[in-house]
Every structure is written in structure tokens, then in C-alpha cells.
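Student: One file: work_33.pdb (PDB, C-alpha atoms).
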ATOM      1  CA  MET A   9     104.525 110.706 161.612
ATOM      2  CA  GLY A  10     107.090 110.704 158.798
ATOM      3  CA  GLU A  11     107.062 113.041 155.828
ATOM      4  CA  ALA A  12     105.175 111.807 152.802
ATOM      5  CA  GLN A  13     107.433 110.734 149.965
ATOM      6  CA  LEU A  14     107.146 113.096 147.019
ATOM      7  CA  SER A  15     107.446 111.666 143.579
ATOM      8  CA  HIS A  16     107.589 113.267 140.175
ATOM      9  CA  PRO A  17     105.495 112.418 137.148
ATOM     10  CA  THR A  18     106.849 110.110 134.463
ATOM     11  CA  ILE A  19     106.252 110.340 130.731
ATOM     12  CA  ARG A  20     103.686 107.646 129.986
ATOM     13  CA  THR A  21     102.700 108.561 126.425
ATOM     14  CA  ILE A  22     103.991 110.744 123.614
ATOM     15  CA  THR A  23     101.067 111.649 121.355
ATOM     16  CA  PHE A  24     101.312 112.466 117.657
ATOM     17  CA  ASP A  25      98.426 114.283 115.954
ATOM     18  CA  CYS A  26      97.568 112.836 112.539
ATOM     19  CA  SER A  27      95.364 114.373 109.872
ATOM     20  CA  GLY A  28      95.670 111.169 107.833
ATOM     21  CA  ASP A  29      95.296 107.572 108.988
ATOM     22  CA  PRO A  30      96.970 107.086 112.402
ATOM     23  CA  TYR A  31      97.624 103.452 111.447
ATOM     24  CA  ASP A  32      99.819 104.531 108.506
ATOM     25  CA  VAL A  33     101.881 106.930 110.652
ATOM     26  CA  GLY A  34     102.095 104.323 113.414
ATOM     27  CA  LEU A  35     103.264 101.747 110.878
ATOM     28  CA  PHE A  36     106.081 104.082 109.763
ATOM     29  CA  TRP A  37     107.255 104.488 113.382
ATOM     30  CA  SER A  38     106.774 100.771 114.062
ATOM     31  CA  ARG A  39     109.123  99.917 111.202
ATOM     32  CA  LEU A  40     111.604 102.662 112.074
ATOM     33  CA  LEU A  41     111.815 101.715 115.763
ATOM     34  CA  GLY A  42     111.403  97.942 115.325
ATOM     35  CA  ARG A  43     108.425  97.835 117.710
ATOM     36  CA  PRO A  44     105.038  96.405 116.766
ATOM     37  CA  LEU A  45     101.770  98.271 116.656
ATOM     38  CA  ALA A  46      99.199  97.047 119.177
ATOM     39  CA  ASP A  47      97.484  93.815 118.075
ATOM     40  CA  ASP A  48      94.077  95.483 117.780
ATOM     41  CA  ASP A  49      95.249  98.439 115.612
ATOM     42  CA  LYS A  50      93.799  98.387 112.092
ATOM     43  CA  PRO A  51      93.779 100.791 109.120
ATOM     44  CA  GLY A  52      91.073 103.411 109.557
ATOM     45  CA  ASP A  53      91.080 103.265 113.379
ATOM     46  CA  PRO A  54      90.998 106.678 115.109
ATOM     47  CA  GLU A  55      94.265 105.875 116.893
ATOM     48  CA  ALA A  56      97.257 103.532 116.846
ATOM     49  CA  VAL A  57      99.657 102.578 119.652
ATOM     50  CA  ILE A  58     103.282 101.455 119.927
ATOM     51  CA  GLU A  59     104.400 100.327 123.368
ATOM     52  CA  ASP A  60     108.013 100.194 124.504
ATOM     53  CA  PRO A  61     108.799  96.699 125.835
ATOM     54  CA  SER A  62     111.532  98.179 128.042
ATOM     55  CA  GLY A  63     108.992 100.349 129.861
ATOM     56  CA  GLY A  64     109.630 103.657 128.115
ATOM     57  CA  PRO A  65     106.854 105.936 126.902
ATOM     58  CA  THR A  66     104.102 104.622 124.657
ATOM     59  CA  LEU A  67     103.735 106.329 121.265
ATOM     60  CA  LEU A  68     100.112 107.199 120.493
ATOM     61  CA  PHE A  69      98.955 108.337 117.046
ATOM     62  CA  VAL A  70      95.571 110.097 117.082
ATOM     63  CA  ARG A  71      93.439 111.411 114.228
ATOM     64  CA  VAL A  72      92.747 115.170 114.423
ATOM     65  CA  PRO A  73      90.753 117.338 111.991
ATOM     66  CA  GLU A  74      93.467 119.901 111.257
ATOM     67  CA  GLY A  75      96.749 119.400 109.437
ATOM     68  CA  LYS A  76     100.189 120.397 110.709
ATOM     69  CA  ALA A  77     100.740 124.114 110.136
ATOM     70  CA  VAL A  78     104.003 125.033 111.915
ATOM     71  CA  LYS A  79     107.309 123.537 113.030
ATOM     72  CA  ASN A  80     107.120 121.030 115.883
ATOM     73  CA  ARG A  81     107.816 122.535 119.288
ATOM     74  CA  VAL A  82     108.753 119.084 120.651
ATOM     75  CA  HIS A  83     110.442 116.302 118.697
ATOM     76  CA  LEU A  84     112.249 113.003 119.206
ATOM     77  CA  ASP A  85     116.046 112.689 118.940
ATOM     78  CA  LEU A  86     116.992 109.159 117.867
ATOM     79  CA  THR A  87     120.365 107.449 118.298
ATOM     80  CA  PRO A  88     121.083 104.613 115.865
ATOM     81  CA  HIS A  89     122.386 101.284 117.144
ATOM     82  CA  GLY A  90     124.113  98.826 114.829
ATOM     83  CA  ARG A  91     124.026 101.288 111.926
ATOM     84  CA  THR A  92     125.703 104.603 111.201
ATOM     85  CA  ARG A  93     123.708 107.814 111.240
ATOM     86  CA  ASN A  94     123.818 107.929 107.421
ATOM     87  CA  GLU A  95     122.631 104.323 107.130
ATOM     88  CA  GLU A  96     119.772 105.020 109.535
ATOM     89  CA  VAL A  97     118.817 108.217 107.676
ATOM     90  CA  GLU A  98     118.721 106.284 104.394
ATOM     91  CA  ARG A  99     116.603 103.568 106.025
ATOM     92  CA  ALA A 100     114.180 106.186 107.394
ATOM     93  CA  LEU A 101     113.926 107.770 103.941
ATOM     94  CA  SER A 102     113.171 104.357 102.398
ATOM     95  CA  LEU A 103     110.328 103.930 104.937
ATOM     96  CA  GLY A 104     108.712 107.223 103.923
ATOM     97  CA  ALA A 105     110.527 109.915 105.899
ATOM     98  CA  ARG A 106     111.526 113.198 104.283
ATOM     99  CA  ARG A 107     114.861 114.974 104.837
ATOM    100  CA  VAL A 108     114.258 118.437 106.313
ATOM    101  CA  GLU A 109     117.762 119.719 107.065
ATOM    102  CA  ASP A 110     121.284 118.379 107.450
ATOM    103  CA  HIS A 111     123.135 119.654 110.530
ATOM    104  CA  VAL A 112     126.155 117.332 110.221
ATOM    105  CA  ARG A 113     129.414 119.190 110.815
ATOM    106  CA  PRO A 114     132.733 118.501 109.048
ATOM    107  CA  ASP A 115     134.029 116.678 112.154
ATOM    108  CA  GLY A 116     131.063 114.242 111.977
ATOM    109  CA  SER A 117     129.157 115.657 114.941
ATOM    110  CA  GLY A 118     125.640 116.989 114.516
ATOM    111  CA  TRP A 119     122.382 115.487 113.331
ATOM    112  CA  VAL A 120     119.957 115.193 110.421
ATOM    113  CA  THR A 121     116.409 116.525 110.797
ATOM    114  CA  LEU A 122     113.794 114.328 109.130
ATOM    115  CA  ALA A 123     109.993 114.329 109.023
ATOM    116  CA  ASP A 124     107.623 111.365 109.199
ATOM    117  CA  PRO A 125     104.832 110.954 106.589
ATOM    118  CA  GLU A 126     102.633 113.415 108.584
ATOM    119  CA  GLY A 127     105.397 116.031 108.735
ATOM    120  CA  ASN A 128     106.362 115.444 112.383
ATOM    121  CA  GLU A 129     110.056 116.274 112.686
ATOM    122  CA  PHE A 130     112.614 114.044 114.380
ATOM    123  CA  CYS A 131     116.387 114.088 114.494
ATOM    124  CA  MET A 132     118.819 111.284 113.771
ATOM    125  CA  GLU A 133     121.935 111.785 115.829
ATOM    126  CA  ARG A 134     125.352 110.196 115.575
ATOM    127  CA  GLY A 135     125.496 106.732 117.128
ATOM    128  CA  PRO A 136     128.190 104.356 118.390
ATOM    129  CA  ALA A 137     128.935 103.090 114.851
ATOM    130  CA  ASP A 138     129.850 106.652 113.797
ATOM    131  CA  HIS A 139     132.727 106.991 116.292
TER
END
Could you write out this structure as C-alpha cells?
Tutor:
Amino acid sequence: MGEAQLSHPTIRTITFDCSGDPYDVGLFWSRLLGRPLADDDKPGDPEAVIEDPSGGPTLLFVRVPEGKAVKNRVHLDLTPHGRTRNEEVERALSLGARRVEDHVRPDGSGWVTLADPEGNEFCMERGPADH
């Protein structure tokens, strides 16, 4: 008898806690990432979902009773495509993000930390258009 093949888990879903309407937070991320919310998601639902058509993790936004109290321990790092980091930061701000901290160095490396409408931090890194 051969040895059983071991496999490792994959990331299926990244879940965001929301004290407000999960639909609103999901809509922000839908617009930022250019991926639609699930067809059955509506304002006021207890959760909202964004699937990755390329098979990456699903983003799940779930209503919770408590608000965010401390810095995120896990966050997403985003790489812009077709826009510069600054253009993508400005676009995120126009969609409702908030600038948290600028970590861009004089040589152009680094990132900008932003927060979504619920306060969940994410970083916008330098992309191909910045080189």
C-alpha cells in the first residue's frame, strides 16, 4: 500500500466583521476590486459576498454586534494594475476609503495604508505602472 498523499489547506474565504451594513462595506470592496457582489446580496442582509472569478479566496462581510476597537492583525496588500499607486489611492479615497498612513519612501518604494468604511486597514503597494 502506498503512502497517503498529504495536502495542505487553502484559503477559501477572508471574512470581514462589520458593525454597519455588510452590503455597504461589500459594495466598497466590489467597486475597489472590480468584482461584483453576489446576485442575492441586498442592503440590510446579515452578510455580503464577493467571489474571485480566478478561483482566489471569497471575501465575506458579516454583521457583528461590536465595532472595531484595535488595529487589524491581518490585512490585505493590494497591487494596482493599469494605474499608479497614487492613482489607485486616490480612487480608493473617492470610493470611501480613509488614508491612515503614508509609508512611501523617497525612492518610490513603500506603500500607503488605507482603511475601508468600517475601518479595516489595507495597503496599496507600488505596481507595474510605478516602475
Student: Range 126-129 of chain A, all listed atoms, 6 Å padding on each side: what axis-aligned box centre and edge lengths in Å to one decimal come out, as lines of an AutoDock Vina configuration file?
Tutor:
center_x = 106.3
center_y = 114.8
center_z = 110.6
size_x = 19.4
size_y = 14.9
size_z = 16.1
Student: Residues near range 32-49 of chain A, anyone? I mean within 9 Å using only C-alpha atoms, not counting same-chain ones fewer than 5 positions away, as a list in words.
Tutor: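 Answer for this query is Phe24, Cys26, Glu55, Ala56, Val57, Ile58, Glu59, Asp60, Pro61, Leu67, Leu68, Phe69, Glu96, Arg99, Ala100, Leu103, Gly104, Ala105, Asp124, Pro125 and Glu126 of chain A.
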Student: Run the PyMOL selection byres ((chain A and resi 116-120) around 10) on the file and write out the hits as a list in words.
Tutor: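 In the shown coordinates, the PyMOL selection byres ((chain A and resi 116-120) around 10) covers Asp85, Leu86, Thr87, Arg93, Asn94, Val97, Arg107, Val108, Glu109, Asp110, His111, Val112, Arg113, Pro114, Asp115, Thr121, Leu122, Phe130, Cys131, Met132, Glu133, Arg134, Gly135, Asp138 and His139 of chain A.
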Student: Calculate how many Å separate CA of Val72 in chain A from CA of Pro54 in chain A, rounding to one decimal.
Tutor: 8.7 Å
Student: Which residue, A:Asn128, A:Thr18, A:Ser27, A:Thr92, has the smallest gap to Arg71 in chain A when you use all atoms listed in the file?
Tutor: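 Smallest distance to Arg71 in chain A is found for A:Ser27.
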Student: Nearest residue to Glu74 in chain A out of A:His16, A:Glu95, A:Leu101, A:Asp25, using all atoms listed in the file?
Tutor: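 The shortest atom-to-atom distance to Glu74 in chain A comes from A:Asp25.
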Student: With distances taken over all atoms listed in the file, which of A:Ser102, A:Arg91, A:Ala123, A:Asn80 is nearest to Ala137 in chain A?
Tutor: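 Ranking A:Ser102, A:Arg91, A:Ala123, A:Asn80 by distance to Ala137 in chain A, first place goes to A:Arg91.
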Student: Go ahead and compute the interatomic distance for CA of Arg20 in chain A and CA of Glu98 in chain A, in Å to one decimal.
Tutor: 29.7 Å
Student: Between CA of Gly63 in chain A and CA of Arg106 in chain A, what is the distance, to one decimal in Å?
Tutor: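 Answer for the CA of Gly63 in chain A to CA of Arg106 in chain A separation: 28.7 Å.
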Student: Which is closer to Gly75 in chain A than all the others in A:Gly127, A:Gly90, A:Gly52, A:Pro17, using all atoms listed in the file?
Tutor: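 Of the candidates, the smallest distance to Gly75 in chain A is held by A:Gly127.
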Student: Please rebuild range 36-54 of chain A with N, CA, C and O atoms and give the result as a CSV table (one decimal), keeping the file's coordinate frame.
Tutor:
chain,number,residue,atom,x,y,z
A,36,PHE,N,104.8,103.5,110.1
A,36,PHE,CA,106.1,104.1,109.8
A,36,PHE,C,107.0,104.0,111.0
A,36,PHE,O,108.1,103.5,110.9
A,37,TRP,N,106.5,104.5,112.2
A,37,TRP,CA,107.3,104.5,113.4
A,37,TRP,C,107.5,103.1,113.9
A,37,TRP,O,108.6,102.8,114.4
A,38,SER,N,106.6,102.2,113.7
A,38,SER,CA,106.8,100.8,114.1
A,38,SER,C,108.0,100.2,113.3
A,38,SER,O,108.8,99.5,113.9
A,39,ARG,N,108.0,100.4,112.0
A,39,ARG,CA,109.1,99.9,111.2
A,39,ARG,C,110.4,100.6,111.5
A,39,ARG,O,111.5,100.0,111.6
A,40,LEU,N,110.4,101.9,111.8
A,40,LEU,CA,111.6,102.7,112.1
A,40,LEU,C,112.2,102.2,113.4
A,40,LEU,O,113.4,102.0,113.5
A,41,LEU,N,111.3,102.0,114.4
A,41,LEU,CA,111.8,101.7,115.8
A,41,LEU,C,111.9,100.2,116.0
A,41,LEU,O,112.4,99.8,117.1
A,42,GLY,N,111.4,99.4,115.1
A,42,GLY,CA,111.4,97.9,115.3
A,42,GLY,C,110.5,97.5,116.5
A,42,GLY,O,110.8,96.5,117.1
A,43,ARG,N,109.4,98.2,116.7
A,43,ARG,CA,108.4,97.8,117.7
A,43,ARG,C,107.1,97.7,117.1
A,43,ARG,O,106.7,98.5,116.2
A,44,PRO,N,106.3,96.7,117.4
A,44,PRO,CA,105.0,96.4,116.8
A,44,PRO,C,103.9,97.4,117.2
A,44,PRO,O,103.9,97.9,118.3
A,45,LEU,N,103.0,97.6,116.3
A,45,LEU,CA,101.8,98.3,116.7
A,45,LEU,C,101.0,97.3,117.6
A,45,LEU,O,101.2,96.1,117.5
A,46,ALA,N,100.1,97.9,118.3
A,46,ALA,CA,99.2,97.0,119.2
A,46,ALA,C,98.4,96.1,118.3
A,46,ALA,O,98.1,96.4,117.2
A,47,ASP,N,98.2,94.9,118.8
A,47,ASP,CA,97.5,93.8,118.1
A,47,ASP,C,96.1,94.2,117.5
A,47,ASP,O,95.7,93.7,116.5
A,48,ASP,N,95.4,95.1,118.2
A,48,ASP,CA,94.1,95.5,117.8
A,48,ASP,C,94.1,96.7,116.9
A,48,ASP,O,93.0,97.2,116.5
A,49,ASP,N,95.2,97.3,116.5
A,49,ASP,CA,95.2,98.4,115.6
A,49,ASP,C,95.0,98.0,114.2
A,49,ASP,O,95.7,97.0,113.7
A,50,LYS,N,94.1,98.7,113.5
A,50,LYS,CA,93.8,98.4,112.1
A,50,LYS,C,93.7,99.7,111.3
A,50,LYS,O,93.5,100.8,111.8
A,51,PRO,N,93.9,99.6,109.9
A,51,PRO,CA,93.8,100.8,109.1
A,51,PRO,C,92.4,101.4,109.3
A,51,PRO,O,91.4,100.7,109.4
A,52,GLY,N,92.3,102.7,109.4
A,52,GLY,CA,91.1,103.4,109.6
A,52,GLY,C,90.7,103.7,111.0
A,52,GLY,O,89.7,104.4,111.3
A,53,ASP,N,91.4,103.0,112.0
A,53,ASP,CA,91.1,103.3,113.4
A,53,ASP,C,91.4,104.7,113.7
A,53,ASP,O,92.3,105.3,113.1
A,54,PRO,N,90.7,105.3,114.7
A,54,PRO,CA,91.0,106.7,115.1
A,54,PRO,C,92.3,106.9,115.8
A,54,PRO,O,92.8,108.0,116.0
